[in-house]
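Asks: Enclosed is the structure file query_5.txt (compact mmCIF, C-alpha atoms and all ligand atoms).
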# COMPACT_ATOMS: atom_id res chain seq x y z
CA MET A 1 73.93 113.66 138.25
CA GLN A 2 76.50 111.59 136.43
CA THR A 3 74.19 108.55 136.38
CA LYS A 4 71.41 110.62 134.83
CA HIS A 5 73.68 111.73 131.99
CA VAL A 6 74.72 108.18 131.29
CA VAL A 7 71.09 107.05 131.16
CA ILE A 8 70.16 109.84 128.77
CA ALA A 9 73.12 109.05 126.51
CA GLY A 10 72.09 105.38 126.54
CA LEU A 11 68.53 106.22 125.53
CA ALA A 12 69.76 108.42 122.69
CA MET A 13 71.84 105.54 121.36
CA LEU A 14 68.83 103.22 121.53
CA VAL A 15 66.76 105.63 119.45
CA VAL A 16 69.51 105.93 116.83
CA SER A 17 70.02 102.18 116.49
CA ALA A 18 66.27 101.48 116.43
CA ALA A 19 65.91 103.80 113.44
CA ALA A 20 68.28 101.63 111.43
CA TYR A 21 66.05 98.57 111.82
CA ALA A 22 62.78 97.62 110.23
CA GLY A 23 61.28 97.51 113.73
CA PRO A 24 58.50 95.24 114.97
CA SER A 25 56.95 95.08 111.50
CA GLY A 26 60.06 93.36 110.19
CA GLY A 27 60.06 89.66 109.47
CA THR A 28 62.60 86.99 110.24
CA VAL A 29 64.09 84.19 108.18
CA SER A 30 65.49 81.41 110.31
CA GLY A 31 66.49 77.82 109.81
CA LYS A 32 69.13 75.16 110.05
CA VAL A 33 72.05 74.12 107.86
CA THR A 34 72.79 70.41 107.67
CA TYR A 35 74.71 68.00 105.44
CA GLU A 36 73.90 64.63 103.92
CA GLY A 37 76.47 61.97 103.15
CA THR A 38 79.82 61.47 104.84
CA PRO A 39 82.18 64.42 105.31
CA ALA A 40 85.91 63.92 104.86
CA LYS A 41 87.80 63.31 108.09
CA MET A 42 89.70 66.45 109.04
CA LYS A 43 93.45 65.93 109.25
CA PRO A 44 95.39 66.55 112.46
CA ILE A 45 97.71 69.55 112.16
CA ASP A 46 101.44 69.11 112.70
CA MET A 47 102.62 72.30 114.45
CA SER A 48 106.08 70.96 115.36
CA MET A 49 107.80 73.71 113.32
CA GLU A 50 106.24 76.22 115.75
CA PRO A 51 106.87 74.90 119.30
CA SER A 52 105.38 77.99 120.97
CA CYS A 53 102.02 77.04 119.45
CA ALA A 54 102.38 73.24 119.52
CA LYS A 55 102.87 73.27 123.30
CA MET A 56 99.46 74.95 123.76
CA TYR A 57 97.62 71.76 122.81
CA ALA A 58 97.43 68.42 124.58
CA THR A 59 96.32 66.72 121.35
CA PRO A 60 96.82 67.81 117.71
CA GLN A 61 94.30 70.30 116.41
CA LEU A 62 92.13 69.39 113.43
CA ALA A 63 91.72 71.39 110.23
CA GLU A 64 88.45 73.39 110.23
CA THR A 65 87.55 73.13 106.54
CA VAL A 66 84.44 71.16 107.55
CA VAL A 67 83.10 71.40 111.11
CA THR A 68 80.02 69.36 111.94
CA GLY A 69 77.82 68.97 115.00
CA ALA A 70 75.01 66.86 116.36
CA GLY A 71 72.17 65.94 114.00
CA ASN A 72 74.28 66.41 110.84
CA SER A 73 74.49 70.14 111.52
CA LEU A 74 77.06 72.13 109.58
CA GLU A 75 79.05 74.97 111.16
CA ASN A 76 80.93 77.85 109.54
CA VAL A 77 78.24 78.44 106.94
CA VAL A 78 77.51 82.08 106.23
CA VAL A 79 73.82 82.67 105.50
CA TYR A 80 73.01 86.08 104.06
CA VAL A 81 70.51 88.07 102.01
CA SER A 82 72.08 88.09 98.54
CA ALA A 83 69.22 89.94 96.78
CA GLY A 84 66.30 92.11 97.88
CA ALA A 85 67.92 94.07 100.71
CA PRO A 86 69.52 97.49 100.29
CA ASN A 87 73.25 97.84 100.85
CA ASP A 88 73.10 99.42 104.30
CA ALA A 89 75.97 101.24 106.02
CA ALA A 90 78.64 99.30 107.86
CA PRO A 91 78.41 99.26 111.66
CA SER A 92 80.88 101.40 113.59
CA ASN A 93 82.27 98.49 115.58
CA ALA A 94 85.20 96.54 114.16
CA ALA A 95 85.05 92.88 113.14
CA THR A 96 87.85 91.10 114.99
CA PHE A 97 90.06 88.32 113.65
CA THR A 98 92.58 86.79 116.04
CA GLN A 99 95.68 84.70 115.51
CA LYS A 100 95.93 82.50 118.60
CA GLY A 101 97.61 79.15 119.03
CA CYS A 102 98.52 79.40 115.33
CA ARG A 103 94.83 79.20 114.44
CA TYR A 104 92.48 81.81 113.05
CA ILE A 105 89.64 82.71 115.41
CA PRO A 106 87.01 82.66 114.07
CA HIS A 107 87.79 80.37 111.16
CA LEU A 108 85.18 82.22 109.10
CA LEU A 109 84.75 85.92 109.79
CA ALA A 110 81.71 87.66 108.28
CA LEU A 111 81.80 91.43 108.07
CA GLN A 112 80.32 94.22 105.98
CA VAL A 113 81.75 96.19 103.10
CA ASN A 114 83.74 99.12 104.56
CA GLN A 115 83.52 97.80 108.13
CA GLU A 116 86.76 98.02 110.08
CA LEU A 117 88.60 94.70 110.20
CA LYS A 118 90.86 94.40 113.23
CA ILE A 119 93.50 91.66 113.22
CA ASN A 120 95.22 90.64 116.47
CA ASN A 121 98.22 88.46 117.18
CA GLU A 122 98.05 86.86 120.63
CA ASP A 123 100.88 84.44 119.93
CA GLN A 124 104.55 84.45 120.96
CA THR A 125 105.53 84.14 117.31
CA SER A 126 105.21 86.24 114.16
CA HIS A 127 102.42 85.68 111.67
CA ASN A 128 102.18 87.03 108.14
CA ILE A 129 98.51 87.22 107.29
CA HIS A 130 97.84 87.10 103.56
CA PRO A 131 94.21 87.34 102.37
CA LEU A 132 93.79 86.43 98.68
CA PRO A 133 91.02 88.60 97.20
CA LYS A 134 90.14 88.72 93.50
CA LEU A 135 88.09 91.94 93.54
CA ASN A 136 89.60 93.85 96.45
CA ARG A 137 93.18 95.07 96.90
CA GLU A 138 95.61 92.34 97.95
CA TRP A 139 98.07 92.80 100.81
CA ASN A 140 99.99 90.78 103.36
CA LYS A 141 101.19 91.98 106.73
CA SER A 142 103.68 90.66 109.27
CA GLN A 143 102.71 90.92 112.90
CA PRO A 144 105.39 90.12 115.50
CA PRO A 145 104.43 89.15 119.07
CA GLY A 146 102.98 92.10 120.95
CA ALA A 147 102.45 94.18 117.81
CA PRO A 148 99.37 96.43 117.77
CA PRO A 149 96.28 95.26 115.87
CA ILE A 150 96.25 95.63 112.11
CA SER A 151 93.34 97.74 110.85
CA GLU A 152 92.01 97.20 107.34
CA LYS A 153 88.76 97.29 105.39
CA TYR A 154 87.39 95.94 102.12
CA ASP A 155 85.27 98.05 99.78
CA LYS A 156 83.78 95.24 97.67
CA ALA A 157 81.66 92.25 98.67
CA GLU A 158 83.69 89.06 98.25
CA PHE A 159 84.57 85.73 99.87
CA ILE A 160 88.29 86.00 100.54
CA PRO A 161 90.49 83.01 101.42
CA VAL A 162 93.03 83.90 104.12
CA LYS A 163 96.38 82.22 104.67
CA CYS A 164 99.51 82.75 106.75
CA ASN A 165 102.78 83.01 104.84
CA VAL A 166 104.65 81.50 107.81
CA HIS A 167 102.41 78.60 108.90
CA PRO A 168 101.00 76.56 106.01
CA TRP A 169 98.15 75.05 108.07
CA MET A 170 96.60 78.44 108.90
CA HIS A 171 93.57 78.99 106.67
CA GLY A 172 90.44 81.05 107.11
CA THR A 173 87.87 83.12 105.21
CA PHE A 174 86.68 86.70 105.25
CA ALA A 175 83.07 86.86 104.06
CA VAL A 176 82.70 90.52 103.07
CA LEU A 177 78.97 91.14 102.69
CA PRO A 178 76.98 94.00 101.16
CA ASN A 179 74.36 94.37 103.91
CA SER A 180 73.76 93.70 107.60
CA HIS A 181 71.46 90.68 107.10
CA TYR A 182 73.81 87.77 107.69
CA ALA A 183 74.65 85.07 110.21
CA VAL A 184 77.31 82.39 110.59
CA THR A 185 76.19 78.97 111.79
CA GLY A 186 77.78 77.64 114.97
CA ASP A 187 77.15 74.51 116.97
CA GLY A 188 73.73 73.23 115.90
CA GLY A 189 73.81 74.79 112.42
CA LEU A 190 71.12 77.35 113.30
CA PHE A 191 70.78 80.84 111.87
CA SER A 192 68.36 83.75 112.09
CA LEU A 193 68.09 86.86 109.92
CA ALA A 194 65.86 89.43 111.57
CA ASN A 195 64.46 92.87 110.77
CA LEU A 196 63.50 92.20 107.15
CA LEU A 197 60.95 94.61 105.71
CA PRO A 198 58.12 93.14 103.61
CA GLY A 199 59.52 92.06 100.25
CA LYS A 200 61.06 89.25 98.26
CA TYR A 201 64.52 88.09 99.25
CA THR A 202 67.11 85.64 98.03
CA ILE A 203 68.82 83.85 100.92
CA THR A 204 72.20 82.31 100.15
CA ALA A 205 74.15 79.84 102.27
CA TRP A 206 77.90 79.55 101.55
CA HIS A 207 80.38 76.97 102.77
CA GLU A 208 84.08 77.03 101.92
CA SER A 209 84.18 73.42 100.75
CA TYR A 210 80.57 72.60 99.81
CA GLY A 211 79.79 75.74 97.78
CA ALA A 212 76.69 77.94 97.75
CA GLN A 213 72.92 77.41 97.63
CA SER A 214 70.12 79.94 97.35
CA GLN A 215 66.40 80.02 98.08
CA ASP A 216 63.83 82.76 97.58
CA VAL A 217 61.51 83.81 100.37
CA THR A 218 58.78 86.42 100.61
CA ILE A 219 58.20 88.37 103.82
CA SER A 220 54.81 90.04 104.12
CA GLY A 221 54.89 91.37 107.68
CA GLY A 222 56.30 90.42 111.04
CA GLU A 223 56.26 86.68 110.50
CA THR A 224 59.10 84.19 110.80
CA LYS A 225 59.75 82.07 107.73
CA THR A 226 61.74 78.86 107.96
CA VAL A 227 64.38 78.17 105.32
CA ASN A 228 66.62 75.13 105.69
CA PHE A 229 69.70 74.26 103.67
CA VAL A 230 71.12 70.78 103.07
CA PHE A 231 74.62 70.45 101.62
CA LYS A 232 76.08 67.34 99.99
CA ALA A 233 79.15 66.31 101.94
CA LYS A 234 82.32 65.61 100.00
CA PRO A 235 84.16 62.45 101.02
CA ASN A 236 87.58 64.09 100.49
CU CU A 301 101.03 82.18 111.17
Re-express the file's structure as structure tokens.

Replies:
Amino acid sequence: MQTKHVVIAGLAMLVVSAAAYAGPSGGTVSGKVTYEGTPAKMKPIDMSMEPSCAKMYATPQLAETVVTGAGNSLENVVVYVSAGAPNDAAPSNAATFTQKGCRYIPHLLALQVNQELKINNEDQTSHNIHPLPKLNREWNKSQPPGAPPISEKYDKAEFIPVKCNVHPWMHGTFAVLPNSHYAVTGDGGLFSLANLLPGKYTITAWHESYGAQSQDVTISGGETKTVNFVFKAKPN
């Protein structure tokens, strides 16, 4: 009896979430983000002022301003629909940002306008997270070891640099986006934006050091269009 109820509840959820998508008629934009030139060498981080974090690493951690992979692929690039898609509602799940080993995980967090942002501290030390928005309200919050998650949200789309007021090497970004059509490149630099209804879209790729690029693409049905981005690496 109990199993049956769970199955029915699961089906109901599927129907609800399917309604929010363009469905099988939707198209996909996918591609790869790469760089040309020689990226600056990332500096090793000196965590000696925070022994509880320093002892977690056998070798010094590197800054994550530029993270590259095989085949000149570029990670931590947010690729999103910057024009042509409606501003859809934020998902009910929270976007999670974790302070661990005196790093921000992930380095770049993409989330939607008005989506819950949950910030955790898994370290044995206090952090004071301080995002630096220009359009949204600015705040900073201390989080001692074992403190409950911080819950926040942003009501305007914006790329927000994030720093820690205690540990000068801790940097990250919140990419607060107006719709659900976004992806962040990982190892391999690949991205895919699915469920796009027929129409003309502007696709923008943003990197914290290399800036932003845009390309227009037209979706006419259920096809997959390839859009690739190549950034110029900065030597320093
Ligand atoms: Cu910190």

Asks: For ligand CU 301 (chain A), return the neighbouring residues as a short mmCIF file (atom, residue, chain, number, x, y, z; two decimals) with C-alpha atoms, in the frame of the given file (distance at most 6 Å; only C-alpha atoms and all ligand atoms).

Replies:
data_model
loop_
_atom_site.label_atom_id
_atom_site.label_comp_id
_atom_site.auth_asym_id
_atom_site.auth_seq_id
_atom_site.Cartn_x
_atom_site.Cartn_y
_atom_site.Cartn_z
CA CYS A 102 98.52 79.40 115.33
CA HIS A 127 102.42 85.68 111.67
CA ASN A 128 102.18 87.03 108.14
CA CYS A 164 99.51 82.75 106.75
CA VAL A 166 104.65 81.50 107.81
CA HIS A 167 102.41 78.60 108.90
#

Asks: Taking only C-alpha atoms into account, which of A:Gly188, A:Gly211, A:Pro198, A:Gly146 comes nearest Lys225 of chain A?

Replies: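 Answer, going by the shortest atom-to-atom distance: A:Pro198.
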
Asks: So the first atom is atom CA of Phe191 of chain A and the second is atom CA of Val29 of chain A; what is the distance between them in Å, to one decimal place?

Replies: 8.3 Å

Asks: Could you put an axis-aligned box around every listed atom of segment 117-120 of chain A, padded by 8 Å on each side, and send me its centre and edge lengths in Å to one decimal, as JSON?

Replies:
{"center_x": 91.9, "center_y": 92.7, "center_z": 113.3, "size_x": 22.6, "size_y": 20.1, "size_z": 22.3}

Asks: Identify the residues around (85.6, 85.7, 104.5) within a radius of 10 Å, measuring from all atoms listed in the file in the coordinates stated by the file, and give them as a VMD selection string.

Replies: chain A and resid 78 107 to 111 131 133 157 to 162 172 to 177 208

Asks: Excluding Ser30 of chain A and residues on its chain fewer than 4 positions from it, collect all residues at most 10 Å away from it, counting all atoms listed in the file, and give them as a list of chain:residue names.

Replies: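 Final neighbour list, sorted by chain and number: A:Val79, A:Ala183, A:Leu190, A:Phe191, A:Ser192, A:Leu193, A:Ala194, A:Thr224, A:Lys225, A:Thr226, A:Val227, A:Asn228.
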
Asks: Using all atoms listed in the file, which residue out of A:Gly199, A:Pro149, A:Gly189, A:Gly31 lies closest to Phe97 of chain A?

Replies: A:Pro149

Asks: Hey, what's within 10 Å of segment 80-85 of chain A if we count only C-alpha atoms and toss same-chain stuff fewer than 2 positions away? As number ranges by chain, please?

Replies: A: 29, 77-78, 87-88, 110, 177-184, 191-193, 196-197, 199-206, 214-218

Asks: Rounded to one decimal, what separation in Å do you get between atom CA of Asn195 of chain A and atom CA of Ala94 of chain A?

Replies: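 Distance reported for this atom pair: 21.3 Å.
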
Asks: Give me the residues within 7 Å of Phe229 of chain A as a list in words, counting only C-alpha atoms and dropping any in the same chain fewer than 4 places off.

Replies: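 Skipping anything fewer than 4 positions along the chain leaves Lys32, Val33 and Thr34 of chain A.
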
Asks: Atom CA of Ser151 of chain A and atom CA of Asp123 of chain A, how far apart in Å?

Replies: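 Taking atom CA of Asp123 of chain A as the start and atom CA of Ser151 of chain A as the end point, the length is 17.8 Å.
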
Asks: Could you tell me which of A:Trp139, A:Trp169, A:Tyr35, A:Tyr104 comes closest to Lys234 of chain A if we count all atoms listed in the file?

Replies: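 Checking each candidate against Lys234 of chain A, we get A:Tyr35 as the closest.
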
Asks: Determine the nearest neighbour of Ile129 of chain A from the options A:Pro235, A:Pro144, A:Gly37, A:Gly101, counting all atoms listed in the file.

Replies: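 For Ile129 of chain A, the nearest of the given residues is A:Pro144.
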
Asks: From the set A:Ile45, A:Val113, A:Ala147, A:Ile219, which residue has the shortest atom-to-atom contact distance to Ser92 of chain A, counting all atoms listed in the file?

Replies: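 The shortest atom-to-atom distance to Ser92 of chain A comes from A:Val113.
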
Asks: Hey, which of A:Pro145, A:Gln112, A:Ala63, A:Leu74 ends up closest to Gln99 of chain A? Count all atoms listed in the file.

Replies: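 So, comparing all the options, the nearest one is A:Pro145.
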
Asks: Fewer than 5 positions away in the same chain doesn't count, so skip those; otherwise give me all residues within 8 Å of Gln115 of chain A, counting only C-alpha atoms, as a list in words.

Replies: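 The filter keeps Ala90, Pro91, Ser92, Asn93, Ala94, Ala95, Lys153 and Tyr154 of chain A.
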
Asks: How would segment 56-67 of chain A look with all heavy atoms restored, written as a PDB file, in the frame of the given file?

Replies:
ATOM      1  N   MET A  56     100.747  74.496 123.217  1.00  0.00           N
ATOM      2  CA  MET A  56      99.460  74.950 123.760  1.00  0.00           C
ATOM      3  C   MET A  56      98.389  73.874 123.714  1.00  0.00           C
ATOM      4  O   MET A  56      97.302  74.049 124.263  1.00  0.00           O
ATOM      5  CB  MET A  56      98.976  76.183 122.978  1.00  0.00           C
ATOM      6  CG  MET A  56      99.862  77.408 123.183  1.00  0.00           C
ATOM      7  SD  MET A  56      99.409  78.783 122.084  1.00  0.00           S
ATOM      8  CE  MET A  56      97.821  79.261 122.780  1.00  0.00           C
ATOM      9  N   TYR A  57      98.666  72.773 123.011  1.00  0.00           N
ATOM     10  CA  TYR A  57      97.620  71.760 122.810  1.00  0.00           C
ATOM     11  C   TYR A  57      98.060  70.404 123.355  1.00  0.00           C
ATOM     12  O   TYR A  57      99.186  69.962 123.108  1.00  0.00           O
ATOM     13  CB  TYR A  57      97.303  71.610 121.318  1.00  0.00           C
ATOM     14  CG  TYR A  57      96.895  72.917 120.669  1.00  0.00           C
ATOM     15  CD1 TYR A  57      97.775  73.606 119.842  1.00  0.00           C
ATOM     16  CD2 TYR A  57      95.628  73.454 120.891  1.00  0.00           C
ATOM     17  CE1 TYR A  57      97.407  74.809 119.245  1.00  0.00           C
ATOM     18  CE2 TYR A  57      95.261  74.656 120.302  1.00  0.00           C
ATOM     19  CZ  TYR A  57      96.147  75.330 119.478  1.00  0.00           C
ATOM     20  OH  TYR A  57      95.780  76.510 118.904  1.00  0.00           O
ATOM     21  N   ALA A  58      97.152  69.756 124.066  1.00  0.00           N
ATOM     22  CA  ALA A  58      97.430  68.420 124.580  1.00  0.00           C
ATOM     23  C   ALA A  58      97.355  67.390 123.456  1.00  0.00           C
ATOM     24  O   ALA A  58      98.074  66.393 123.460  1.00  0.00           O
ATOM     25  CB  ALA A  58      96.443  68.071 125.690  1.00  0.00           C
ATOM     26  N   THR A  59      96.464  67.625 122.499  1.00  0.00           N
ATOM     27  CA  THR A  59      96.320  66.720 121.350  1.00  0.00           C
ATOM     28  C   THR A  59      96.346  67.586 120.091  1.00  0.00           C
ATOM     29  O   THR A  59      96.007  68.767 120.140  1.00  0.00           O
ATOM     30  CB  THR A  59      94.985  65.944 121.403  1.00  0.00           C
ATOM     31  OG1 THR A  59      93.925  66.900 121.518  1.00  0.00           O
ATOM     32  CG2 THR A  59      94.935  64.988 122.578  1.00  0.00           C
ATOM     33  N   PRO A  60      96.742  67.004 118.944  1.00  0.00           N
ATOM     34  CA  PRO A  60      96.820  67.810 117.710  1.00  0.00           C
ATOM     35  C   PRO A  60      95.456  68.407 117.346  1.00  0.00           C
ATOM     36  O   PRO A  60      94.421  67.760 117.495  1.00  0.00           O
ATOM     37  CB  PRO A  60      97.262  66.790 116.665  1.00  0.00           C
ATOM     38  CG  PRO A  60      97.887  65.674 117.421  1.00  0.00           C
ATOM     39  CD  PRO A  60      97.172  65.617 118.734  1.00  0.00           C
ATOM     40  N   GLN A  61      95.501  69.631 116.881  1.00  0.00           N
ATOM     41  CA  GLN A  61      94.300  70.300 116.410  1.00  0.00           C
ATOM     42  C   GLN A  61      93.897  69.753 115.035  1.00  0.00           C
ATOM     43  O   GLN A  61      94.752  69.276 114.281  1.00  0.00           O
ATOM     44  CB  GLN A  61      94.575  71.802 116.284  1.00  0.00           C
ATOM     45  CG  GLN A  61      94.836  72.461 117.624  1.00  0.00           C
ATOM     46  CD  GLN A  61      93.550  72.595 118.408  1.00  0.00           C
ATOM     47  OE1 GLN A  61      92.697  73.397 118.091  1.00  0.00           O
ATOM     48  NE2 GLN A  61      93.387  71.777 119.429  1.00  0.00           N
ATOM     49  N   LEU A  62      92.611  69.854 114.732  1.00  0.00           N
ATOM     50  CA  LEU A  62      92.130  69.390 113.430  1.00  0.00           C
ATOM     51  C   LEU A  62      91.888  70.589 112.511  1.00  0.00           C
ATOM     52  O   LEU A  62      91.527  71.670 112.974  1.00  0.00           O
ATOM     53  CB  LEU A  62      90.818  68.608 113.584  1.00  0.00           C
ATOM     54  CG  LEU A  62      90.875  67.332 114.419  1.00  0.00           C
ATOM     55  CD1 LEU A  62      89.499  66.688 114.493  1.00  0.00           C
ATOM     56  CD2 LEU A  62      91.895  66.342 113.842  1.00  0.00           C
ATOM     57  N   ALA A  63      92.085  70.364 111.213  1.00  0.00           N
ATOM     58  CA  ALA A  63      91.720  71.390 110.230  1.00  0.00           C
ATOM     59  C   ALA A  63      90.233  71.708 110.387  1.00  0.00           C
ATOM     60  O   ALA A  63      89.446  70.866 110.826  1.00  0.00           O
ATOM     61  CB  ALA A  63      92.015  70.896 108.819  1.00  0.00           C
ATOM     62  N   GLU A  64      89.840  72.950 110.024  1.00  0.00           N
ATOM     63  CA  GLU A  64      88.450  73.390 110.230  1.00  0.00           C
ATOM     64  C   GLU A  64      87.719  73.609 108.904  1.00  0.00           C
ATOM     65  O   GLU A  64      86.735  74.351 108.861  1.00  0.00           O
ATOM     66  CB  GLU A  64      88.420  74.673 111.056  1.00  0.00           C
ATOM     67  CG  GLU A  64      88.908  74.474 112.473  1.00  0.00           C
ATOM     68  CD  GLU A  64      89.007  75.793 113.224  1.00  0.00           C
ATOM     69  OE1 GLU A  64      89.848  76.621 112.857  1.00  0.00           O
ATOM     70  OE2 GLU A  64      88.218  75.969 114.172  1.00  0.00           O
ATOM     71  N   THR A  65      88.191  72.972 107.852  1.00  0.00           N
ATOM     72  CA  THR A  65      87.550  73.130 106.540  1.00  0.00           C
ATOM     73  C   THR A  65      86.088  72.700 106.616  1.00  0.00           C
ATOM     74  O   THR A  65      85.208  73.334 106.019  1.00  0.00           O
ATOM     75  CB  THR A  65      88.287  72.283 105.482  1.00  0.00           C
ATOM     76  OG1 THR A  65      89.685  72.496 105.644  1.00  0.00           O
ATOM     77  CG2 THR A  65      87.854  72.636 104.077  1.00  0.00           C
ATOM     78  N   VAL A  66      85.819  71.605 107.325  1.00  0.00           N
ATOM     79  CA  VAL A  66      84.440  71.160 107.550  1.00  0.00           C
ATOM     80  C   VAL A  66      84.295  70.901 109.052  1.00  0.00           C
ATOM     81  O   VAL A  66      85.035  70.100 109.623  1.00  0.00           O
ATOM     82  CB  VAL A  66      84.131  69.864 106.771  1.00  0.00           C
ATOM     83  CG1 VAL A  66      82.709  69.396 107.073  1.00  0.00           C
ATOM     84  CG2 VAL A  66      84.317  70.084 105.271  1.00  0.00           C
ATOM     85  N   VAL A  67      83.376  71.608 109.686  1.00  0.00           N
ATOM     86  CA  VAL A  67      83.100  71.400 111.110  1.00  0.00           C
ATOM     87  C   VAL A  67      81.634  71.031 111.254  1.00  0.00           C
ATOM     88  O   VAL A  67      80.745  71.780 110.826  1.00  0.00           O
ATOM     89  CB  VAL A  67      83.420  72.652 111.953  1.00  0.00           C
ATOM     90  CG1 VAL A  67      83.119  72.403 113.427  1.00  0.00           C
ATOM     91  CG2 VAL A  67      84.878  73.069 111.775  1.00  0.00           C
TER      92      VAL A  67
END
